[in-house]
$ cat protein.csv   # CSV, C-alpha atoms
chain,number,residue,atom,x,y,z
A,15,MET,CA,-18.2,9.0,86.0
A,16,SER,CA,-18.8,5.8,84.1
A,17,ASP,CA,-18.1,2.5,85.8
A,18,LYS,CA,-17.3,0.9,82.5
A,19,PRO,CA,-13.8,-0.6,82.4
A,20,ARG,CA,-11.2,1.9,81.3
A,21,ILE,CA,-8.8,0.8,78.5
A,22,ALA,CA,-5.5,2.4,77.5
A,23,THR,CA,-3.4,1.4,74.5
A,24,VAL,CA,0.0,2.3,73.2
A,25,SER,CA,2.4,1.4,70.4
A,26,LEU,CA,6.0,1.1,71.6
A,27,CYS,CA,8.5,-0.3,69.0
A,28,GLY,CA,5.7,-1.4,66.7
A,29,CYS,CA,4.3,-0.3,63.4
A,30,PHE,CA,0.8,0.5,64.5
A,31,GLY,CA,-0.4,-2.5,62.6
A,32,CYS,CA,-2.0,-4.0,65.7
A,33,HIS,CA,-3.9,-0.8,66.3
A,34,MET,CA,-5.0,-0.9,62.6
A,35,SER,CA,-6.2,-4.4,63.2
A,36,LEU,CA,-8.1,-3.2,66.3
A,37,LEU,CA,-9.9,-0.8,64.0
A,38,ASP,CA,-10.6,-3.7,61.6
A,39,ILE,CA,-13.2,-4.9,64.0
A,40,ASP,CA,-15.3,-2.4,61.9
A,41,GLU,CA,-18.8,-1.7,63.2
A,42,ARG,CA,-18.1,-3.8,66.3
A,43,ILE,CA,-16.1,-0.8,67.6
A,44,LEU,CA,-19.5,0.7,68.4
A,45,ASP,CA,-20.2,-2.3,70.7
A,46,LEU,CA,-16.8,-1.9,72.2
A,47,VAL,CA,-17.4,1.8,72.9
A,48,GLY,CA,-20.5,0.7,74.7
A,49,LEU,CA,-18.5,-1.8,76.8
A,50,VAL,CA,-15.5,0.3,77.7
A,51,THR,CA,-14.1,3.8,78.2
A,52,PHE,CA,-11.0,4.7,76.3
A,53,ASP,CA,-8.2,6.4,78.3
A,54,ARG,CA,-4.8,7.2,76.7
A,55,THR,CA,-4.7,5.7,73.3
A,56,PRO,CA,-3.7,6.9,69.8
A,57,LEU,CA,-7.5,6.8,69.1
A,58,THR,CA,-8.4,9.4,71.6
A,59,ASP,CA,-5.2,11.5,71.6
A,60,ILE,CA,-5.3,11.7,75.4
A,61,LYS,CA,-1.7,12.3,76.4
A,62,ARG,CA,-1.6,11.4,80.1
A,63,LEU,CA,-2.4,7.9,81.3
A,64,GLY,CA,-5.0,7.6,84.0
A,65,ASP,CA,-5.8,4.6,86.3
A,66,CYS,CA,-7.1,1.9,84.0
A,67,ASP,CA,-8.5,-1.6,84.2
A,68,LEU,CA,-6.8,-2.8,81.0
A,69,GLY,CA,-3.7,-1.8,79.0
A,70,LEU,CA,-2.9,-3.1,75.6
A,71,ILE,CA,0.8,-2.8,74.7
A,72,GLU,CA,1.7,-3.0,71.0
A,73,GLY,CA,5.4,-3.2,70.1
A,74,GLY,CA,8.6,-4.3,71.8
A,75,VAL,CA,10.9,-2.2,74.0
A,76,ALA,CA,13.6,-0.6,71.9
A,77,ASN,CA,14.5,2.7,73.6
A,78,ALA,CA,14.5,4.5,76.9
A,79,GLU,CA,11.1,6.1,76.3
A,80,ASN,CA,9.6,2.7,75.6
A,81,VAL,CA,10.8,1.5,79.0
A,82,GLU,CA,9.4,4.6,80.8
A,83,VAL,CA,6.0,4.3,79.1
A,84,LEU,CA,5.8,0.6,79.7
A,85,ARG,CA,6.5,1.0,83.4
A,86,GLU,CA,3.9,3.7,83.6
A,87,PHE,CA,1.4,1.4,82.0
A,88,ARG,CA,2.2,-1.3,84.5
A,89,ARG,CA,1.7,1.1,87.4
A,90,ARG,CA,-1.6,2.4,86.1
A,91,CYS,CA,-3.2,-0.7,84.6
A,92,LYS,CA,-4.7,-3.6,86.6
A,93,VAL,CA,-4.3,-6.0,83.7
A,94,LEU,CA,-1.6,-5.6,81.1
A,95,VAL,CA,-1.6,-7.3,77.7
A,96,ALA,CA,1.2,-8.0,75.3
A,97,PHE,CA,-0.7,-7.2,72.1
A,98,GLY,CA,0.8,-8.6,68.9
A,99,ALA,CA,4.0,-10.3,67.8
A,100,CYS,CA,6.5,-7.4,68.7
A,101,ALA,CA,5.2,-7.1,72.2
A,102,VAL,CA,5.1,-10.9,72.6
A,103,ASN,CA,8.6,-11.7,71.3
A,104,GLY,CA,10.3,-8.5,69.9
A,105,GLY,CA,9.1,-9.3,66.4
A,106,VAL,CA,10.8,-7.9,63.3
A,107,PRO,CA,12.4,-4.9,65.1
A,108,ALA,CA,14.3,-7.5,67.3
A,109,MET,CA,16.1,-8.8,64.2
A,110,ARG,CA,18.5,-5.9,64.8
A,111,ASN,CA,19.6,-7.8,67.9
A,112,GLN,CA,21.9,-9.7,65.5
A,113,PHE,CA,24.0,-6.6,65.0
A,114,ARG,CA,25.8,-4.2,67.3
A,115,LEU,CA,23.8,-1.0,67.8
A,116,ALA,CA,26.7,1.2,66.6
A,117,ASP,CA,26.7,-0.8,63.3
A,118,CYS,CA,23.0,-0.3,62.9
A,119,LEU,CA,23.3,3.4,63.5
A,120,ARG,CA,26.3,3.7,61.1
A,121,GLU,CA,24.4,1.8,58.4
A,122,SER,CA,21.3,3.9,58.8
A,123,TYR,CA,22.8,7.4,59.2
A,124,CYS,CA,26.3,7.3,57.8
A,125,ASP,CA,27.2,4.5,55.4
A,126,GLY,CA,23.9,3.5,54.0
A,127,ILE,CA,22.9,3.9,50.3
A,128,GLY,CA,21.3,7.4,49.6
A,129,VAL,CA,22.3,9.0,53.0
A,130,HIS,CA,22.7,12.8,52.8
A,131,ASN,CA,24.4,14.8,55.5
A,132,PRO,CA,25.7,11.7,57.2
A,133,GLY,CA,25.8,11.9,61.0
A,134,ILE,CA,24.2,10.0,63.9
A,135,PRO,CA,21.3,12.1,65.4
A,136,ASN,CA,22.1,13.2,68.9
A,137,ASP,CA,19.4,15.7,69.9
A,138,PRO,CA,18.7,15.2,73.6
A,139,GLU,CA,15.0,15.0,72.8
A,140,ILE,CA,15.5,11.8,70.9
A,141,PRO,CA,15.2,8.8,73.2
A,142,LEU,CA,18.3,6.7,73.5
A,143,LEU,CA,18.1,3.3,71.8
A,144,LEU,CA,18.7,0.2,73.9
A,145,ASN,CA,21.4,-2.2,72.9
A,146,GLN,CA,18.7,-4.8,72.1
A,147,VAL,CA,15.0,-4.9,71.4
A,148,HIS,CA,13.1,-6.8,74.1
A,149,PRO,CA,9.6,-8.4,74.4
A,150,VAL,CA,7.6,-6.5,77.0
A,151,HIS,CA,7.5,-9.4,79.4
A,152,GLU,CA,11.3,-9.1,79.8
A,153,VAL,CA,10.7,-5.6,81.3
A,154,VAL,CA,7.5,-5.8,83.3
A,155,GLU,CA,5.0,-8.4,84.5
A,156,ILE,CA,2.5,-9.2,81.8
A,157,ASP,CA,-0.9,-10.8,82.4
A,158,HIS,CA,-2.0,-11.9,79.0
A,159,PHE,CA,-0.5,-12.4,75.6
A,160,LEU,CA,-2.2,-12.1,72.2
A,161,PRO,CA,0.1,-13.2,69.4
A,162,GLY,CA,-0.1,-12.3,65.7
A,163,CYS,CA,1.4,-9.9,63.2
A,164,PRO,CA,-1.0,-8.4,63.6
A,165,PRO,CA,-3.6,-10.4,65.7
A,166,SER,CA,-6.7,-10.6,63.4
A,167,ALA,CA,-9.7,-8.4,64.1
A,168,ASP,CA,-11.6,-11.5,65.0
A,169,ALA,CA,-8.8,-12.6,67.4
A,170,ILE,CA,-8.9,-9.2,69.1
A,171,TRP,CA,-12.6,-9.3,69.4
A,172,THR,CA,-12.6,-12.8,70.9
A,173,PHE,CA,-9.8,-11.8,73.3
A,174,LEU,CA,-11.5,-8.6,74.5
A,175,ASN,CA,-14.9,-10.2,74.9
A,176,GLU,CA,-13.6,-13.2,76.9
A,177,LEU,CA,-11.3,-10.9,79.0
A,178,LEU,CA,-14.1,-8.4,79.8
A,179,GLU,CA,-16.5,-11.2,80.7
A,180,GLY,CA,-13.9,-12.7,83.0
A,181,LYS,CA,-13.7,-16.0,81.0
A,182,PRO,CA,-10.5,-17.9,80.3
A,183,ILE,CA,-9.1,-16.8,76.9
A,184,ARG,CA,-9.7,-19.5,74.3
A,185,LEU,CA,-8.8,-18.5,70.7
A,186,PRO,CA,-10.3,-20.7,68.0
A,187,TYR,CA,-7.6,-22.4,65.8
A,188,ASP,CA,-8.0,-19.9,62.9
A,189,GLN,CA,-7.4,-17.0,65.3
A,190,LEU,CA,-4.1,-18.2,66.8
A,191,HIS,CA,-1.3,-17.1,64.5
A,192,TYR,CA,2.3,-16.0,65.1
A,193,ASP,CA,2.5,-14.4,61.6
B,23,MET,CA,-6.1,-60.8,67.5
B,24,SER,CA,-3.9,-57.7,67.8
B,25,LYS,CA,-3.0,-56.3,71.1
B,26,THR,CA,-4.1,-52.9,72.3
B,27,PHE,CA,-3.4,-50.1,74.6
B,28,ARG,CA,-5.4,-46.9,75.4
B,29,LEU,CA,-4.5,-43.4,74.4
B,30,ASP,CA,-6.6,-40.9,76.4
B,31,GLY,CA,-9.2,-43.6,76.7
B,32,ARG,CA,-9.2,-44.5,73.0
B,33,GLU,CA,-8.3,-48.1,72.1
B,34,ILE,CA,-5.1,-48.3,69.9
B,35,PRO,CA,-4.1,-51.6,68.2
B,36,PHE,CA,-0.4,-52.4,67.9
B,37,GLU,CA,2.0,-55.0,66.6
B,38,ALA,CA,5.0,-56.3,68.4
B,39,GLY,CA,8.0,-54.0,68.0
B,40,GLN,CA,5.9,-50.9,67.4
B,41,THR,CA,6.5,-47.8,69.6
B,42,ILE,CA,3.5,-45.9,71.1
B,43,MET,CA,4.1,-43.2,68.4
B,44,ASP,CA,4.1,-45.8,65.5
B,45,ALA,CA,0.9,-47.4,66.7
B,46,VAL,CA,-0.9,-44.1,67.3
B,47,LEU,CA,0.1,-42.7,63.9
B,48,ALA,CA,-0.9,-45.9,62.2
B,49,ALA,CA,-4.3,-45.7,63.9
B,50,GLY,CA,-4.8,-42.2,62.5
B,51,GLY,CA,-4.2,-40.6,65.9
B,52,TYR,CA,-1.8,-37.8,66.7
B,53,ILE,CA,0.9,-37.2,69.3
B,54,PRO,CA,2.9,-34.0,68.6
B,55,HIS,CA,6.5,-34.5,67.5
B,56,LEU,CA,9.4,-32.6,65.9
B,57,CYS,CA,12.4,-34.8,65.8
B,58,HIS,CA,10.4,-37.9,64.9
B,59,ASN,CA,9.9,-39.1,61.3
B,60,PRO,CA,8.8,-42.7,60.8
B,61,GLU,CA,11.3,-43.1,58.0
B,62,PHE,CA,14.2,-42.8,60.4
B,63,ALA,CA,15.3,-44.5,63.7
B,64,PRO,CA,13.6,-42.7,66.6
B,65,HIS,CA,15.7,-40.1,68.3
B,66,GLY,CA,13.7,-39.1,71.4
B,67,SER,CA,15.5,-35.7,71.7
B,68,CYS,CA,12.9,-33.0,71.1
B,69,ARG,CA,10.7,-34.3,74.0
B,70,VAL,CA,7.5,-32.7,72.6
B,71,CYS,CA,6.0,-36.2,72.2
B,72,LEU,CA,6.2,-36.9,75.9
B,73,VAL,CA,3.2,-38.8,77.3
B,74,ALA,CA,2.4,-40.0,80.7
B,75,ILE,CA,2.1,-43.7,81.6
B,76,GLY,CA,1.1,-44.4,85.1
B,77,GLY,CA,2.3,-41.0,86.2
B,78,ARG,CA,5.7,-41.4,84.6
B,79,GLN,CA,6.6,-39.3,81.5
B,80,VAL,CA,8.2,-40.9,78.5
B,81,SER,CA,8.8,-40.0,74.9
B,82,ALA,CA,6.2,-41.7,72.8
B,83,CYS,CA,8.6,-42.1,69.8
B,84,THR,CA,10.9,-44.3,71.8
B,85,ALA,CA,8.6,-46.1,74.3
B,86,PRO,CA,7.6,-49.5,73.1
B,87,ALA,CA,3.8,-50.2,72.9
B,88,SER,CA,2.6,-52.9,75.3
B,89,GLU,CA,-0.6,-54.6,76.2
B,90,GLY,CA,-3.0,-52.7,78.4
B,91,LEU,CA,-1.0,-49.4,78.8
B,92,GLU,CA,-3.0,-46.3,79.8
B,93,VAL,CA,-1.3,-43.5,77.9
B,94,GLU,CA,-2.2,-39.9,78.7
B,95,SER,CA,-1.4,-37.3,76.0
B,96,ASP,CA,-4.1,-34.7,75.5
B,97,SER,CA,-4.3,-33.6,79.2
B,98,GLU,CA,-3.6,-30.1,80.4
B,99,ALA,CA,-0.7,-31.2,82.5
B,100,ILE,CA,1.1,-32.9,79.5
B,101,GLN,CA,0.3,-30.0,77.2
B,102,ALA,CA,1.7,-27.5,79.7
B,103,THR,CA,5.0,-29.4,79.8
B,104,ARG,CA,5.1,-29.5,76.0
B,105,ARG,CA,4.4,-25.8,75.9
B,106,ALA,CA,7.4,-25.2,78.3
B,107,ILE,CA,9.6,-27.3,76.0
B,108,LEU,CA,8.5,-25.4,72.9
B,109,GLN,CA,9.0,-22.1,74.7
B,110,MET,CA,12.6,-23.1,75.4
B,111,LEU,CA,13.0,-24.0,71.7
B,112,PHE,CA,11.6,-20.6,70.7
B,113,VAL,CA,13.8,-18.5,72.9
B,114,GLU,CA,16.9,-20.5,72.2
B,115,GLY,CA,16.9,-19.6,68.5
B,116,ASN,CA,15.7,-16.7,66.5
B,117,HIS,CA,12.2,-17.7,65.3
B,118,VAL,CA,10.7,-14.6,63.8
B,119,CYS,CA,7.5,-16.0,62.3
B,120,PRO,CA,6.3,-12.8,60.6
B,121,ALA,CA,9.6,-12.6,58.6
B,122,CYS,CA,10.0,-16.4,57.9
B,123,GLU,CA,9.3,-18.0,54.5
B,124,LYS,CA,8.2,-21.2,56.2
B,125,SER,CA,5.5,-19.6,58.3
B,126,GLY,CA,2.2,-21.4,58.0
B,127,ALA,CA,4.0,-24.6,56.9
B,128,CYS,CA,6.3,-24.9,59.8
B,129,GLN,CA,6.0,-27.8,62.2
B,130,LEU,CA,7.5,-26.0,65.1
B,131,GLN,CA,4.9,-23.3,64.8
B,132,ALA,CA,2.1,-25.8,64.2
B,133,VAL,CA,3.0,-27.9,67.2
B,134,ALA,CA,3.1,-24.7,69.3
B,135,TYR,CA,-0.4,-23.9,68.0
B,136,TYR,CA,-1.5,-27.4,68.9
B,137,THR,CA,-0.4,-26.9,72.5
B,138,GLY,CA,-2.0,-23.5,72.7
B,139,MET,CA,1.3,-21.6,73.2
B,140,LEU,CA,0.6,-17.9,73.2
B,141,ALA,CA,4.0,-16.5,74.2
B,142,PRO,CA,7.6,-17.6,74.7
B,143,HIS,CA,7.5,-16.8,78.4
B,144,PHE,CA,11.2,-17.2,79.0
B,145,THR,CA,13.9,-14.6,78.4
B,146,HIS,CA,15.1,-14.6,74.8
B,147,PHE,CA,18.7,-15.6,74.1
B,148,PHE,CA,18.8,-13.7,70.8
B,149,PRO,CA,21.8,-15.8,69.8
B,150,HIS,CA,24.1,-14.6,66.9
B,151,ARG,CA,23.8,-17.2,64.2
B,152,SER,CA,24.5,-17.0,60.5
B,153,VAL,CA,22.6,-17.7,57.2
B,154,ASP,CA,24.4,-19.8,54.6
B,155,ALA,CA,23.1,-19.0,51.1
B,156,SER,CA,26.2,-20.4,49.3
B,157,HIS,CA,24.3,-23.3,47.7
B,158,PRO,CA,22.5,-22.6,44.3
B,159,ASP,CA,19.3,-24.4,45.3
B,160,PHE,CA,19.0,-24.3,49.0
B,161,ILE,CA,19.6,-21.9,51.9
B,162,ILE,CA,20.4,-22.8,55.5
B,163,ASP,CA,19.2,-20.4,58.2
B,164,PHE,CA,20.9,-21.5,61.4
B,165,ASN,CA,18.7,-19.1,63.4
B,166,ARG,CA,15.8,-21.6,62.9
B,167,CYS,CA,17.7,-24.9,63.6
B,168,ILE,CA,16.3,-26.8,66.6
B,169,LEU,CA,18.9,-29.6,66.4
B,170,CYS,CA,16.4,-32.3,65.7
B,171,GLU,CA,19.1,-34.1,63.6
B,172,LEU,CA,16.6,-35.2,60.9
B,173,CYS,CA,18.9,-33.8,58.2
B,174,VAL,CA,21.9,-35.5,59.9
B,175,ARG,CA,20.0,-38.8,59.9
B,176,ALA,CA,18.7,-38.4,56.3
B,177,SER,CA,22.1,-37.5,54.9
B,178,ARG,CA,23.8,-40.4,56.7
B,179,ASP,CA,21.2,-43.1,56.5
B,180,GLN,CA,19.5,-42.5,53.2
B,181,ASP,CA,21.7,-40.2,51.1
B,182,GLY,CA,24.9,-42.0,52.2
B,183,LYS,CA,26.7,-38.6,52.3
B,184,ARG,CA,27.1,-37.5,55.9
B,185,VAL,CA,26.8,-33.8,54.9
B,186,PHE,CA,25.5,-32.8,58.3
B,187,ALA,CA,26.6,-33.4,61.9
B,188,ILE,CA,25.9,-31.8,65.3
B,189,SER,CA,29.1,-30.3,66.7
B,190,GLY,CA,29.8,-28.8,70.1
B,191,ARG,CA,28.3,-29.5,73.5
B,192,GLY,CA,25.4,-28.1,75.5
B,193,LEU,CA,24.6,-24.5,74.5
B,194,ASP,CA,27.4,-24.6,72.0
B,195,SER,CA,25.7,-27.5,70.1
B,196,HIS,CA,25.2,-26.5,66.4
B,197,LEU,CA,24.7,-28.0,63.0
B,198,ALA,CA,28.0,-28.4,61.2
B,199,ILE,CA,28.4,-29.0,57.4
B,200,ASP,CA,31.0,-31.4,56.0
B,201,SER,CA,32.9,-29.3,53.4
B,202,PRO,CA,36.3,-27.7,53.3
B,203,SER,CA,34.9,-24.2,53.9
B,204,GLY,CA,32.1,-25.4,56.2
B,205,ARG,CA,29.6,-23.9,53.7
B,206,LEU,CA,26.7,-25.8,52.1
B,207,GLY,CA,27.7,-24.7,48.6
B,208,ASP,CA,31.0,-26.5,48.9
B,209,SER,CA,29.5,-29.7,50.2
B,210,SER,CA,28.0,-32.6,48.2
B,211,PHE,CA,24.5,-31.6,49.2
B,212,ALA,CA,22.0,-31.7,46.3
B,213,ALA,CA,18.4,-30.6,45.9
B,214,GLY,CA,17.3,-34.2,45.4
B,215,ASP,CA,18.8,-35.4,48.7
B,216,LYS,CA,16.5,-36.8,51.3
B,217,ALA,CA,18.2,-34.4,53.7
B,218,ALA,CA,16.8,-31.4,51.8
B,219,HIS,CA,13.2,-32.4,52.5
B,220,VAL,CA,13.0,-33.4,56.2
B,221,CYS,CA,13.5,-30.1,58.1
B,222,PRO,CA,10.5,-29.5,60.4
B,223,THR,CA,11.3,-25.7,60.6
B,224,GLY,CA,12.5,-23.1,58.1
B,225,ALA,CA,16.2,-23.9,58.7
B,226,ILE,CA,16.7,-25.8,55.4
B,227,LEU,CA,14.7,-24.1,52.6
B,228,PRO,CA,14.5,-24.3,48.8
B,229,LYS,CA,15.5,-21.1,47.1
B,230,HIS,CA,13.3,-19.1,44.7
B,231,ARG,CA,10.0,-20.6,45.9
B,232,GLY,CA,9.5,-18.7,49.2
B,233,TYR,CA,6.0,-17.2,48.7
B,234,GLU,CA,4.5,-19.4,45.9
B,235,THR,CA,1.8,-20.2,48.4
B,236,PRO,CA,0.8,-17.0,50.1
B,237,ILE,CA,0.9,-16.6,53.8
B,238,GLY,CA,-2.5,-17.3,55.2
B,239,ALA,CA,-3.3,-20.0,52.6
B,240,ARG,CA,-0.7,-22.6,53.8
B,241,LEU,CA,-1.1,-26.0,55.2
B,242,TYR,CA,-1.4,-25.1,58.9
B,243,ASP,CA,-3.3,-21.9,58.1
B,244,ARG,CA,-6.0,-24.2,56.9
B,245,GLU,CA,-6.0,-27.1,59.3
B,246,PRO,CA,-4.3,-28.0,62.6
B,247,ILE,CA,-1.3,-30.4,62.5
B,248,SER,CA,-3.3,-32.9,64.5
B,249,VAL,CA,-5.5,-33.3,61.4
B,250,VAL,CA,-3.1,-32.9,58.5
B,251,GLY,CA,0.1,-34.3,60.0
B,252,ASP,CA,3.7,-33.5,59.2
B,253,VAL,CA,4.6,-30.9,56.5
B,254,ARG,CA,6.8,-33.3,54.6
B,255,ALA,CA,3.8,-35.4,53.5
B,256,HIS,CA,2.4,-32.2,51.8
B,257,GLU,CA,5.7,-30.8,50.5
B,258,GLU,CA,4.7,-30.5,46.8
B,259,GLU,CA,1.6,-28.6,47.9
B,260,VAL,CA,3.1,-26.2,50.3
B,261,ALA,CA,6.8,-25.7,49.5
$ encode --input "protein.csv" --output "C-alpha cells"
Amino acid sequence: MSDKPRIATVSLCGCFGCHMSLLDIDERILDLVGLVTFDRTPLTDIKRLGDCDLGLIEGGVANAENVEVLREFRRRCKVLVAFGACAVNGGVPAMRNQFRLADCLRESYCDGIGVHNPGIPNDPEIPLLLNQVHPVHEVVEIDHFLPGCPPSADAIWTFLNELLEGKPIRLPYDQLHYD
Amino acid sequence: MSKTFRLDGREIPFEAGQTIMDAVLAAGGYIPHLCHNPEFAPHGSCRVCLVAIGGRQVSACTAPASEGLEVESDSEAIQATRRAILQMLFVEGNHVCPACEKSGACQLQAVAYYTGMLAPHFTHFFPHRSVDASHPDFIIDFNRCILCELCVRASRDQDGKRVFAISGRGLDSHLAIDSPSGRLGDSSFAAGDKAAHVCPTGAILPKHRGYETPIGARLYDREPISVVGDVRAHEEEVA
C-alpha cells in the first residue's frame, strides 16, 4: 500500500470542463501522479469510492443521485473541495432556478422546437431532478473552494500543491477568476 | 502646509471638506467601493469601503478626513468583513459570472477578487427577477442590480430626468423605472445619459457590444482594481 494521499474526483451537475482543465496541467500530471494516488475519478474509471484524503467535486447538485454521491464523498473524504464555478455557486445550470421545474421539463421534452415523440422521461433508473440546482456547500460541509469556469490549469496546480504541502491557499491575481 | 492622516501607515494629505475616500483616491491610493463615484454625493450604502479608525468601523466615503487619524483598511479583519458583505451581495442576486457579458469588467467581481473572496459562503436566495430588453440601445438585467443607486443619482442629479428610483422596503427593495409601463423602452432614458454609464455591475448594459473585448482580455483580467480603478474611467476601452 502506498502512503501517498488518495484523491477522488467526480462531476455532478457540471460539464466536465473542470476535469478537462485538470488535464490541462499537461506534463505536470506526471508530477501529480508521483504525489498522489487516484481513487474513484473519471480518469481511473474506478466505480466505488474508497477512503480518501481529498475529494474534488465538480458541478452543483441538481438531482437525487448528485445528493447521494456528494454525501458519500463527504463521508469518505477527509478534505472536500468545491472545484469550479458550478460547485461553488451552482453556475450556469442554476440559471434554471428562475423557472419552475415542470416548465423546464415541458420546454425540453414536450413543447420545445424540434422535439420528436414528446413526453417527459420517467424511467425509474433516471435520477429525479431537484426543484432547484444548489451549490455543494448548501448540501454538505465544504473545506475549500476553487472558483473559475473552469479554474485554470495553473490555478489547479497552485491549489493542489499548496493544499498537499499543508500551506494556506493563496492564488496569484491572474489565477483567481469567477468566469 | 496641508494636513495629513495615515492609511495603513502611509501618510495621506487632505484638504478641509474631503472625506477619507476623496483624499485616498486623490493620493493615488485605493479603498474598495461600489456605490461610491466621486461625481456624486457620497451614499455610504454598500459598506465595502468600511475602514477602522481607533477600533470603530466607518464607511470611508462618508467619514470626513481629519488630522492625525490612523485609518486601517488593508488588514485581514477589515478584508474579512468586506468579504462577508460581498458574499451577501452575491447570494442576494443572481450573479452568474460565466454567463455575464460584463465579466472581467465588473466592479462587483473585481472588488471581490481584491478581497480574496473564493465562494459565496451563504445560502443563495436565487430570487426571481426579470430582464428588461425593451430599450433599443440598453438592457437592464435586474438579476445583477445591487441597489447602489448610482443610476438613480446620475439620472436625477446630472440628467435631470429621474428615470430610476428604489421602490419597496427591505428584501423587497428593487430598482423601479419611471414610465407608464415600468419598462425602460417607454421611459425617457437615452444612451447618452450619464445614468447609462455608471453601473458598477452588469445590470445596465449597452446592447450589441457584449463581447467586443473577449473574456480574458478585459480590464480586470489584466490588472487588479486597486491598480486600474473603477471601470467607468475605462469605459471606451472595455465596454
$ closest_residue --input "protein.csv" --among "B:Gly232, B:Pro120, B:Pro35, B:Gly50" --to "chain A" --atoms "all atoms listed in the file"
B:Pro120
$ interface_residues --input "protein.csv" --of "chain A" --to "chain B" --cutoff "6 Å" --atoms "only C-alpha atoms" --output "count of residues only"
4
$ residues_around --input "protein.csv" --residues "Ala116 in chain A" --least-positions-apart "2" --cutoff "12 Å" --atoms "all atoms listed in the file" --output "ChimeraX atom specification"
/A:110-114,118-125,134,143-146
$ closest_residue --input "protein.csv" --among "A:Gly180, A:Gly98, A:Gly48, A:Pro165" --to "Ile71 in chain A" --atoms "only C-alpha atoms"
A:Gly98
$ atom_distance --input "protein.csv" --atom1 "CA of Leu178 in chain A" --atom2 "CA of His151 in chain A"
21.6 Å
$ residues_around --input "protein.csv" --residues "Trp171 in chain A" --least-positions-apart "4" --cutoff "9 Å" --atoms "all atoms listed in the file" --output "list of chain:residue names"
A:Leu36, A:Ile39, A:Arg42, A:Leu46, A:Ser166, A:Ala167, A:Asn175, A:Glu176
$ atom_distance --input "protein.csv" --atom1 "CA of Ala187 in chain B" --atom2 "CA of His157 in chain B"
17.6 Å
$ atom_distance --input "protein.csv" --atom1 "CA of Pro228 in chain B" --atom2 "CA of His191 in chain A"
23.4 Å
$ closest_residue --input "protein.csv" --among "A:Leu174, A:Ala169, A:Leu185, A:Val81" --to "Asp38 in chain A" --atoms "all atoms listed in the file"
A:Ala169
$ residues_near_point --input "protein.csv" --point "(6.0, -30.2, 67.8)" --cutoff "6 Å" --atoms "only C-alpha atoms" --output "PDB file with C-alpha atoms, keeping the file's coordinate frame"
ATOM      1  CA  PRO B  54       2.900 -34.000  68.600  1.00  0.00           C
ATOM      2  CA  HIS B  55       6.500 -34.500  67.500  1.00  0.00           C
ATOM      3  CA  LEU B  56       9.400 -32.600  65.900  1.00  0.00           C
ATOM      4  CA  VAL B  70       7.500 -32.700  72.600  1.00  0.00           C
ATOM      5  CA  LEU B 130       7.500 -26.000  65.100  1.00  0.00           C
ATOM      6  CA  VAL B 133       3.000 -27.900  67.200  1.00  0.00           C
TER       7      VAL B 133
END
$ residues_around --input "protein.csv" --residues "Val46 in chain B" --least-positions-apart "4" --cutoff "9 Å" --atoms "only C-alpha atoms" --output "PDB file with C-alpha atoms, in the coordinates of the input"
ATOM      1  CA  LEU B  29      -4.500 -43.400  74.400  1.00  0.00           C
ATOM      2  CA  ILE B  34      -5.100 -48.300  69.900  1.00  0.00           C
ATOM      3  CA  PRO B  35      -4.100 -51.600  68.200  1.00  0.00           C
ATOM      4  CA  PHE B  36      -0.400 -52.400  67.900  1.00  0.00           C
ATOM      5  CA  THR B  41       6.500 -47.800  69.600  1.00  0.00           C
ATOM      6  CA  ILE B  42       3.500 -45.900  71.100  1.00  0.00           C
ATOM      7  CA  GLY B  50      -4.800 -42.200  62.500  1.00  0.00           C
ATOM      8  CA  GLY B  51      -4.200 -40.600  65.900  1.00  0.00           C
ATOM      9  CA  TYR B  52      -1.800 -37.800  66.700  1.00  0.00           C
ATOM     10  CA  ILE B  53       0.900 -37.200  69.300  1.00  0.00           C
TER      11      ILE B  53
END
$ residues_around --input "protein.csv" --residues "range 84-86 of chain A" --least-positions-apart "5" --cutoff "8 Å" --atoms "only C-alpha atoms" --output "PDB file with C-alpha atoms, keeping the file's coordinate frame"
ATOM      1  CA  LEU A  63      -2.400   7.900  81.300  1.00  0.00           C
ATOM      2  CA  ILE A  71       0.800  -2.800  74.700  1.00  0.00           C
ATOM      3  CA  VAL A 150       7.600  -6.500  77.000  1.00  0.00           C
ATOM      4  CA  VAL A 154       7.500  -5.800  83.300  1.00  0.00           C
TER       5      VAL A 154
END
